[in-house]
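Asker: Let me begin by handing over the structure; questions about it come next.
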Amino acid sequence: MPSRLYFGEDDFLRCRFAVSPLWETQEVVRMLKRPERQGYHAHWLRRMEKVAAGLDLTDLWLLMPRRGHCPDWLCPPPIGPAATFEEEIAAVRATDPATARADTAKSLADTPGALDSPQARRWLRDPVGMVRELADAMEEAWRALIAPDWPRLRTLLEADVSFHSRRLAEVGLGGLLPEINRRFGWQAGTLTVDMNLEHERRLGGQGLMLMPSVFIWPDVVSTFDPPWQPTLAYPARGIGGLWAEPAGRTSDTLLRLLGRGRATVLAALDEPASTAALAHRLALAPSSVSAHLTLLRDAGLLTARRYGHQVLYERTPLGIALVSGDG
């Protein structure tokens with residue numbers, strides 16, 4: 001089912017990018033509950049296994065239905081292009097309790113049985129206490145799961161913003177949005193998003209906030225309801241190399257399995273790159289690199305996405321596991 005965002009004349013002038021540590025905190029909690037989101041994060045999951053096991057995330061998971069509404073008040077759109085977690089969580093704590101109660105009840109109704117659970121009844125009786133408890137839970141998750149790696153995560157997210165800002169200047173909004181994610185379609189001032197929730201919104205002069213995310217992959221989100229700022233969250237570029245250690249020599253096992261040329265190309269893709277860029281970096285003929293990339297893609301070790309006149313290649317979770325030696 002598609003989600004549709006309708007642009008007016010003023011909305012084209014009010015589209016911008018933002019990065020949100022609060023959003024990454026919400027999405028890492030969601031990722032821990034959903035194995036289908038974990039493919040790119042095997043290294044992180046092993047490293048953080050004991051830390052994650054020591055957290056009680058039950059309350060947050062109760063407000064993350066498999067399909068349906070998540071409370072906008074608990075993880076609202078970014079309050080600025082580079083707000084700190086402390087600024088964002090302060091805004092959450094300042095939420096009007098009546099607004100939080102109504103938004104939370106809407107979310108609970110989308111999980112069978114949740115609205116009648118003892119925890120839900122207690123929250124709805126005491127929305128002031130609910131806001132405090134859930135903000136505390138989110139802050140605990142931030143400090144344990146995201147804060148230690150935030151410099152690395154922020155660097156990748158800001159690199160995505162920089163890349164797509166350049167593309168925006170080159171191809172305009174209508175050209176950029178379908179490049180950002182294959183689920184995005186653009187026609188005559190309407191953005192369609194292929195997702196598991198039907199949603200329509202006229203931007204009404206507020207424009208659109210574009211927000212890259214590390215832990216949202218492979219999903220996209222565009223469902224913030226009024227009066228919240230319309231926001232579109234999408235998987236950031238380069239997550240295939242996010243947790244990779246500094247590159248060393250290509251392993252003998254990888255060489256034996258793939259051959260030197262293909263192994264070298266696969267190992268070099270710590271971030272998305274084109275055929276020409278890889279050929280220059282590896283001092284190989286573009287035709288040879290192109291042949292290796294095609295075979296690696298056909299084997300499920302790479303994905304290919306078009307950006308303007310370029311096709312950029314990136315490792316899949318299987319490709320990452322092969323390079324790193326994971327089983």
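So you can find residues: chains in the structure tokens are A, B, ... in the order shown, residues in each start at 1, and ligands are numbered from 1 in order.
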Which residues are near Val131 in chain A? Cut-off 10 Å, only C-alpha atoms, ignore same chain within fewer than 5 positions. Put them as a list in words.
Answerer: Trp73, Leu74, Val92, Arg93, Ala94, Thr95, Asp96, Pro97, Ala100, Arg101, Thr104, Trp123, Asp126, Asp136 and Ala137 of chain A
Asker: Enumerate as a PyMOL selection string all residues of range 68-181 of chain A assigned to alpha helix (DSSP H) by DSSP on the backbone, naming them with the chain letters and numbers the document uses.
Answerer: chain A and resi 85-93+97-108+118-125+127-141+150-180
Asker: Which of these, A:Thr231, A:Thr275, A:Thr303, A:Thr264, has the shortest distance to Cys15 in chain A once you count only C-alpha atoms?
Answerer: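 For Cys15 in chain A, the nearest of the candidates is A:Thr231.
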Asker: Write down as a list in words the residues belonging to range 74-289 of chain A that are assigned strand (DSSP E) by DSSP computed on the backbone.
Answerer: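 Answer for range 74-289 of chain A restricted to strand (DSSP E) is Phe184, Gly185, Trp186, Gln187, Thr190, Leu191, Thr192, Val193, Asp194, His199, Glu200, Arg201, Arg202, Met209, Leu210, Met211, Pro212, Ser213, Thr231, Leu232, Ala233, Tyr234 and Pro235 of chain A.
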Asker: Restrict the calculation to only C-alpha atoms, then for each residue of range 119-234 of chain A with any atom at most 9 Å from an atom of range 36-50 of chain A give the closest atom pair and their distance in Å to one decimal, rows by chain and rising residue number, as JSON lines.
Answerer:
{"residue": "A:Ala144", "atom": "CA", "partner": "A:Met48", "partner_atom": "CA", "distance": 9.0}
{"residue": "A:Leu145", "atom": "CA", "partner": "A:Met48", "partner_atom": "CA", "distance": 7.5}
{"residue": "A:Phe215", "atom": "CA", "partner": "A:Arg37", "partner_atom": "CA", "distance": 7.4}
{"residue": "A:Ile216", "atom": "CA", "partner": "A:Arg37", "partner_atom": "CA", "distance": 7.3}
{"residue": "A:Trp217", "atom": "CA", "partner": "A:Arg37", "partner_atom": "CA", "distance": 6.0}
{"residue": "A:Pro218", "atom": "CA", "partner": "A:Arg37", "partner_atom": "CA", "distance": 6.5}
{"residue": "A:Asp219", "atom": "CA", "partner": "A:Arg37", "partner_atom": "CA", "distance": 8.3}
Asker: Hey, what's within 9 Å of Arg201 in chain A if we count only C-alpha atoms and toss same-chain stuff fewer than 4 positions away? As a ChimeraX atom specification, please?
Answerer: /A:3-6,223,225-226,230
Asker: Those same residues - all heavy atoms - I'd like them written as a PDB file, in the first residue's frame.
Answerer:
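Generated file (result_35.pdb):
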ATOM      1  N   SER A   3       2.014   5.177   0.565  1.00  0.00           N
ATOM      2  CA  SER A   3       1.803   6.415   1.303  1.00  0.00           C
ATOM      3  C   SER A   3       2.021   7.549   0.314  1.00  0.00           C
ATOM      4  O   SER A   3       2.911   7.481  -0.531  1.00  0.00           O
ATOM      5  CB  SER A   3       2.793   6.503   2.468  1.00  0.00           C
ATOM      6  OG  SER A   3       2.733   7.764   3.083  1.00  0.00           O
ATOM      7  N   ARG A   4       1.212   8.601   0.415  1.00  0.00           N
ATOM      8  CA  ARG A   4       1.308   9.700  -0.540  1.00  0.00           C
ATOM      9  C   ARG A   4       1.483  11.025   0.201  1.00  0.00           C
ATOM     10  O   ARG A   4       0.738  11.330   1.129  1.00  0.00           O
ATOM     11  CB  ARG A   4       0.067   9.769  -1.433  1.00  0.00           C
ATOM     12  CG  ARG A   4      -0.059   8.592  -2.397  1.00  0.00           C
ATOM     13  CD  ARG A   4      -1.270   8.765  -3.302  1.00  0.00           C
ATOM     14  NE  ARG A   4      -1.352   7.705  -4.300  1.00  0.00           N
ATOM     15  CZ  ARG A   4      -1.946   6.529  -4.086  1.00  0.00           C
ATOM     16  NH1 ARG A   4      -2.490   6.283  -2.912  1.00  0.00           N
ATOM     17  NH2 ARG A   4      -1.961   5.607  -5.035  1.00  0.00           N
ATOM     18  N   LEU A   5       2.456  11.793  -0.249  1.00  0.00           N
ATOM     19  CA  LEU A   5       2.697  13.129   0.270  1.00  0.00           C
ATOM     20  C   LEU A   5       2.508  14.109  -0.886  1.00  0.00           C
ATOM     21  O   LEU A   5       3.166  13.992  -1.926  1.00  0.00           O
ATOM     22  CB  LEU A   5       4.106  13.248   0.847  1.00  0.00           C
ATOM     23  CG  LEU A   5       4.425  12.331   2.034  1.00  0.00           C
ATOM     24  CD1 LEU A   5       5.889  12.482   2.440  1.00  0.00           C
ATOM     25  CD2 LEU A   5       3.520  12.631   3.222  1.00  0.00           C
ATOM     26  N   TYR A   6       1.611  15.093  -0.702  1.00  0.00           N
ATOM     27  CA  TYR A   6       1.272  16.039  -1.751  1.00  0.00           C
ATOM     28  C   TYR A   6       1.970  17.376  -1.490  1.00  0.00           C
ATOM     29  O   TYR A   6       1.808  17.969  -0.433  1.00  0.00           O
ATOM     30  CB  TYR A   6      -0.245  16.243  -1.811  1.00  0.00           C
ATOM     31  CG  TYR A   6      -1.010  14.964  -2.091  1.00  0.00           C
ATOM     32  CD1 TYR A   6      -1.639  14.266  -1.060  1.00  0.00           C
ATOM     33  CD2 TYR A   6      -1.105  14.463  -3.386  1.00  0.00           C
ATOM     34  CE1 TYR A   6      -2.339  13.098  -1.314  1.00  0.00           C
ATOM     35  CE2 TYR A   6      -1.809  13.298  -3.654  1.00  0.00           C
ATOM     36  CZ  TYR A   6      -2.418  12.621  -2.606  1.00  0.00           C
ATOM     37  OH  TYR A   6      -3.113  11.451  -2.869  1.00  0.00           O
ATOM     38  N   THR A 223       5.094   8.639   8.174  1.00  0.00           N
ATOM     39  CA  THR A 223       3.739   8.607   8.719  1.00  0.00           C
ATOM     40  C   THR A 223       3.503   9.555   9.886  1.00  0.00           C
ATOM     41  O   THR A 223       2.597   9.335  10.673  1.00  0.00           O
ATOM     42  CB  THR A 223       3.404   7.174   9.182  1.00  0.00           C
ATOM     43  OG1 THR A 223       4.375   6.746  10.131  1.00  0.00           O
ATOM     44  CG2 THR A 223       3.387   6.225   8.016  1.00  0.00           C
ATOM     45  N   ASP A 225       1.823  12.326  11.779  1.00  0.00           N
ATOM     46  CA  ASP A 225       0.524  12.962  11.583  1.00  0.00           C
ATOM     47  C   ASP A 225       0.576  14.429  12.002  1.00  0.00           C
ATOM     48  O   ASP A 225       1.423  14.831  12.805  1.00  0.00           O
ATOM     49  CB  ASP A 225      -0.545  12.237  12.416  1.00  0.00           C
ATOM     50  CG  ASP A 225      -0.819  10.829  11.907  1.00  0.00           C
ATOM     51  OD1 ASP A 225      -0.766  10.635  10.678  1.00  0.00           O
ATOM     52  OD2 ASP A 225      -1.080   9.937  12.727  1.00  0.00           O
ATOM     53  N   PRO A 226      -0.350  15.250  11.491  1.00  0.00           N
ATOM     54  CA  PRO A 226      -0.436  16.635  11.955  1.00  0.00           C
ATOM     55  C   PRO A 226      -0.631  16.652  13.483  1.00  0.00           C
ATOM     56  O   PRO A 226      -1.286  15.753  14.025  1.00  0.00           O
ATOM     57  CB  PRO A 226      -1.673  17.175  11.231  1.00  0.00           C
ATOM     58  CG  PRO A 226      -1.823  16.291  10.020  1.00  0.00           C
ATOM     59  CD  PRO A 226      -1.347  14.939  10.470  1.00  0.00           C
ATOM     60  N   PRO A 230       6.047  17.157   8.638  1.00  0.00           N
ATOM     61  CA  PRO A 230       6.151  16.011   7.722  1.00  0.00           C
ATOM     62  C   PRO A 230       7.613  15.584   7.574  1.00  0.00           C
ATOM     63  O   PRO A 230       8.486  16.416   7.292  1.00  0.00           O
ATOM     64  CB  PRO A 230       5.592  16.558   6.407  1.00  0.00           C
ATOM     65  CG  PRO A 230       4.721  17.704   6.812  1.00  0.00           C
ATOM     66  CD  PRO A 230       5.389  18.315   8.004  1.00  0.00           C
TER      67      PRO A 230
END
Asker: Looking at only C-alpha atoms, which of A:Leu57, A:Leu203, A:Cys70, A:Ala268 is the one that sits closest to Leu282 in chain A?
Answerer: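 Closest to Leu282 in chain A, using only C-alpha atoms: A:Ala268.
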Asker: What gap, in Å, lies between CA of Gln26 in chain A and CA of Arg132 in chain A?
Answerer: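 Between these atoms lies a distance of 16.1 Å.
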Asker: Residues of range 7-97 of chain A that have any atom at most 12 Å from an atom of range 163-169 of chain A: could you tabulate them with the shortest-distance atom pair and the distance in Å to one decimal, using only C-alpha atoms, ordered by chain and increasing number, as a tab-separated table?
Answerer:
residue	atom	partner	partner_atom	distance
A:Phe12	CA	A:Leu168	CA	11.5
A:Cys15	CA	A:Leu168	CA	10.2
A:Arg16	CA	A:Ser165	CA	8.7
A:Phe17	CA	A:Ser165	CA	8.1
A:Ala18	CA	A:Ser165	CA	11.1
Asker: One decimal, Å: what's the distance from CA of Gly8 in chain A over to CA of Leu208 in chain A, could you say?
Answerer: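 These atoms are spaced 11.0 Å apart.
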Asker: If we count only C-alpha atoms and set the cut-off at 12 Å, which residues sit around Arg183 in chain A, ignoring sequence neighbours fewer than 3 positions away in its own chain? Please answer as a list in words.
Answerer: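 In the requested format, the answer is Met1, Pro2, Ser3, Arg4, Leu177, Pro178, Glu179, Ile180, Trp186, Leu191, Thr192, Val193, Asp194, Met195, Asn196, Pro218, Asp219, Val220, Val221, Ser222, Leu232, Ala233, Tyr234, Pro235 and Arg305 of chain A.
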Asker: Fewer than 4 positions away in the same chain doesn't count, so skip those; otherwise give me all residues within 9 Å of range 295-300 of chain A, counting only C-alpha atoms, as a VMD selection string.
Answerer: chain A and resid 262 266 290 to 291 304 313 315 to 316 318 to 319
Asker: Take the residues just selected and output them with N, CA and C atoms as a CSV table (one decimal), in the first residue's frame.
Answerer:
chain,number,residue,atom,x,y,z
A,262,ARG,N,37.8,-10.7,-7.9
A,262,ARG,CA,36.5,-10.5,-7.3
A,262,ARG,C,36.6,-10.3,-5.8
A,266,LEU,N,35.3,-6.9,-3.8
A,266,LEU,CA,34.3,-7.1,-2.7
A,266,LEU,C,34.9,-6.4,-1.4
A,290,SER,N,34.0,-4.0,-13.9
A,290,SER,CA,32.5,-4.2,-14.2
A,290,SER,C,32.1,-5.7,-14.2
A,291,ALA,N,32.9,-6.5,-14.8
A,291,ALA,CA,32.6,-7.9,-14.9
A,291,ALA,C,32.6,-8.5,-13.5
A,304,ALA,N,23.0,-3.0,-6.3
A,304,ALA,CA,23.4,-1.9,-7.2
A,304,ALA,C,22.2,-0.9,-7.3
A,313,TYR,N,27.6,0.5,-6.2
A,313,TYR,CA,27.5,-0.8,-5.6
A,313,TYR,C,27.8,-0.8,-4.1
A,315,ARG,N,27.9,-3.6,-0.5
A,315,ARG,CA,27.7,-5.0,0.0
A,315,ARG,C,26.4,-5.3,0.6
A,316,THR,N,25.9,-6.5,0.4
A,316,THR,CA,24.7,-7.0,1.1
A,316,THR,C,25.1,-7.5,2.4
A,318,LEU,N,25.1,-10.5,3.3
A,318,LEU,CA,25.8,-11.7,3.0
A,318,LEU,C,27.3,-11.4,2.5
A,319,GLY,N,27.4,-10.3,1.7
A,319,GLY,CA,28.7,-9.9,1.3
A,319,GLY,C,29.5,-9.4,2.5
Asker: Please identify all polymer residues within 8 Å of Ile146 in chain A, counting only C-alpha atoms, omitting same-chain residues fewer than 3 positions from it, and present them as a list in words.
Answerer: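 Residues near the query, excluding close chain neighbours: Pro21, Glu24, Thr25, Val28, Ala141, Trp142, Arg143, Asp149 and Trp150 of chain A.
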Asker: List the neighbours of Ser287 in chain A out to 10 Å using only C-alpha atoms; skip same-chain residues closer than 5 positions along the sequence, and give me the result as a PyMOL selection string.
Answerer: chain A and resi 275-276+279+292-293
Asker: With distances taken over only C-alpha atoms, which of A:Thr58, A:Gln310, A:Ser162, A:Gln206 is nearest to Ala273 in chain A?
Answerer: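 Of A:Thr58, A:Gln310, A:Ser162, A:Gln206, the one nearest Ala273 in chain A is A:Gln310, counting only C-alpha atoms.
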Asker: Smallest atom-to-atom distance to Pro78 in chain A: which of A:Leu157, A:Leu210, A:Met64, A:Leu115, using only C-alpha atoms?
Answerer: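 Using only C-alpha atoms, Pro78 in chain A sits closest to A:Leu210.
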